[in-house]
Structures are given as structure tokens and as C-alpha cells.
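Q: Supplied in C-alpha cells, the structure appears directly below.
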Amino acid sequence: MKSFACGDVVPGCDATFVCDTDDDVLAAVARHAQDDHGMTEVPAELVDQVRGHIVAVA
């Protein structure tokens, strides 16, 4: 399992994601970025930041 906390990249956001794979986390984060942060496109730099903060969970 993999986990990501949006607040690690976007200060003040308390959304967290726990998914089976990094790709699943990225897909969930992309939906969250659009729905909750109004981003119509997720820049590559942001994807890299998210990847850097995904952690394995037991």
C-alpha cells in the first residue's frame, strides 16, 4: 500500500490518499487537484513533488 498527504505539497490541505500503487495514488491526487483545488492540468513539477512524498504503508 502507498500513502500520500496533500498537505506535504499544498500547505493547509488535509486530504490523504491510501492506494495499492503509486499510479493509483497519482490518479486519485489528479482527481483531487481538479475537484478541490480547481486545477485543470497538473504540471509535471507537481507530479514529481507528489511522487517524492508517496510513502509505503503496512
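Ligands are numbered from 1 in the order shown, residues from 1 within each chain, and chains are lettered A, B, ... in the order they appear in the C-alpha cells.
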Taking 4 positions as the minimum chain separation for residues in the same chain, which residues sit within 8 Å of region 26-33 of chain A when counting only C-alpha atoms? Answer as number ranges by chain.

A: A: 6, 17, 22, 37-40, 42, 47, 50-51

Q: I need the residues from that last selection saved to file as a PDB file, in the first residue's frame (with N, CA, C and O atoms), if you can.

A:
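Full text of selection28.pdb as output:
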```
ATOM      1  N   CYS A   6      -1.724  15.351   0.910  1.00  0.00           N
ATOM      2  CA  CYS A   6      -1.675  16.534   0.048  1.00  0.00           C
ATOM      3  C   CYS A   6      -0.979  17.703   0.748  1.00  0.00           C
ATOM      4  O   CYS A   6      -0.277  18.479   0.123  1.00  0.00           O
ATOM      5  N   PHE A  17      -4.427  10.120   0.893  1.00  0.00           N
ATOM      6  CA  PHE A  17      -4.774   9.060  -0.048  1.00  0.00           C
ATOM      7  C   PHE A  17      -3.983   7.814   0.308  1.00  0.00           C
ATOM      8  O   PHE A  17      -2.783   7.887   0.536  1.00  0.00           O
ATOM      9  N   ASP A  22       1.603   3.418  -6.652  1.00  0.00           N
ATOM     10  CA  ASP A  22       1.912   4.823  -6.906  1.00  0.00           C
ATOM     11  C   ASP A  22       0.978   5.390  -7.975  1.00  0.00           C
ATOM     12  O   ASP A  22       0.495   6.524  -7.840  1.00  0.00           O
ATOM     13  N   HIS A  37      -8.942  21.701  -5.769  1.00  0.00           N
ATOM     14  CA  HIS A  37      -8.004  22.811  -5.926  1.00  0.00           C
ATOM     15  C   HIS A  37      -8.219  23.557  -7.238  1.00  0.00           C
ATOM     16  O   HIS A  37      -7.498  24.510  -7.531  1.00  0.00           O
ATOM     17  N   GLY A  38      -9.179  23.122  -8.053  1.00  0.00           N
ATOM     18  CA  GLY A  38      -9.510  23.822  -9.286  1.00  0.00           C
ATOM     19  C   GLY A  38      -8.458  23.745 -10.370  1.00  0.00           C
ATOM     20  O   GLY A  38      -8.455  24.553 -11.291  1.00  0.00           O
ATOM     21  N   MET A  39      -7.581  22.757 -10.285  1.00  0.00           N
ATOM     22  CA  MET A  39      -6.530  22.630 -11.289  1.00  0.00           C
ATOM     23  C   MET A  39      -7.073  21.846 -12.480  1.00  0.00           C
ATOM     24  O   MET A  39      -7.518  20.715 -12.325  1.00  0.00           O
ATOM     25  N   THR A  40      -7.040  22.447 -13.651  1.00  0.00           N
ATOM     26  CA  THR A  40      -7.499  21.749 -14.849  1.00  0.00           C
ATOM     27  C   THR A  40      -6.379  20.907 -15.452  1.00  0.00           C
ATOM     28  O   THR A  40      -6.636  19.993 -16.225  1.00  0.00           O
ATOM     29  N   VAL A  42      -2.397  19.214 -14.239  1.00  0.00           N
ATOM     30  CA  VAL A  42      -1.414  19.027 -13.182  1.00  0.00           C
ATOM     31  C   VAL A  42      -0.025  19.103 -13.816  1.00  0.00           C
ATOM     32  O   VAL A  42       0.342  18.238 -14.606  1.00  0.00           O
ATOM     33  N   VAL A  47       3.590  16.727 -10.210  1.00  0.00           N
ATOM     34  CA  VAL A  47       3.597  15.256 -10.220  1.00  0.00           C
ATOM     35  C   VAL A  47       4.884  14.754  -9.590  1.00  0.00           C
ATOM     36  O   VAL A  47       4.862  13.823  -8.765  1.00  0.00           O
ATOM     37  N   VAL A  50       4.651  15.164  -5.846  1.00  0.00           N
ATOM     38  CA  VAL A  50       3.770  14.150  -5.268  1.00  0.00           C
ATOM     39  C   VAL A  50       4.522  12.814  -5.209  1.00  0.00           C
ATOM     40  O   VAL A  50       4.531  12.155  -4.159  1.00  0.00           O
ATOM     41  N   ARG A  51       5.152  12.417  -6.303  1.00  0.00           N
ATOM     42  CA  ARG A  51       5.909  11.157  -6.321  1.00  0.00           C
ATOM     43  C   ARG A  51       6.939  11.118  -5.190  1.00  0.00           C
ATOM     44  O   ARG A  51       7.159  10.077  -4.582  1.00  0.00           O
TER      45      ARG A  51
END
```

Q: Quick one: DSSP alpha helix (DSSP H) residues in chain A, as a ChimeraX atom specification?

A: /A:22-37,44-53

Q: Could you please write out, as a count of residues only, every residue of chain A that DSSP assigns to strand (DSSP E)?

A: 10

Q: At a cut-off of 7 Å, using only C-alpha atoms, what residues contact Phe4 (chain A)? Leave out same-chain residues fewer than 3 positions from it and give the result as a PyMOL selection string.

A: chain A and resi 16-18+53-55

Q: Quick one, how far is CA of Glu41 (chain A) from CA of Val57 (chain A)?

A: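 Straight-line distance from CA of Glu41 (chain A) to CA of Val57 (chain A) works out to 28.1 Å.
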
Q: Here is a test: counting only C-alpha atoms, which residue of A:Asp35, A:Asp14, A:Asp23, A:Asp48 is nearest to Met1 (chain A)?

A: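 Nearest candidate to Met1 (chain A) out of A:Asp35, A:Asp14, A:Asp23, A:Asp48: A:Asp23.
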
Q: Using only C-alpha atoms, which of A:Asp24, A:Cys19, A:Val10, A:Lys2 sits nearest Leu46 (chain A)?

A: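 Closest candidate: A:Val10.
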
Q: Work out how far CA of Ala56 (chain A) is from CA of Pro11 (chain A), in Å to one decimal.

A: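 So the two atoms, CA of Pro11 (chain A) and CA of Ala56 (chain A), lie 21.4 Å apart.
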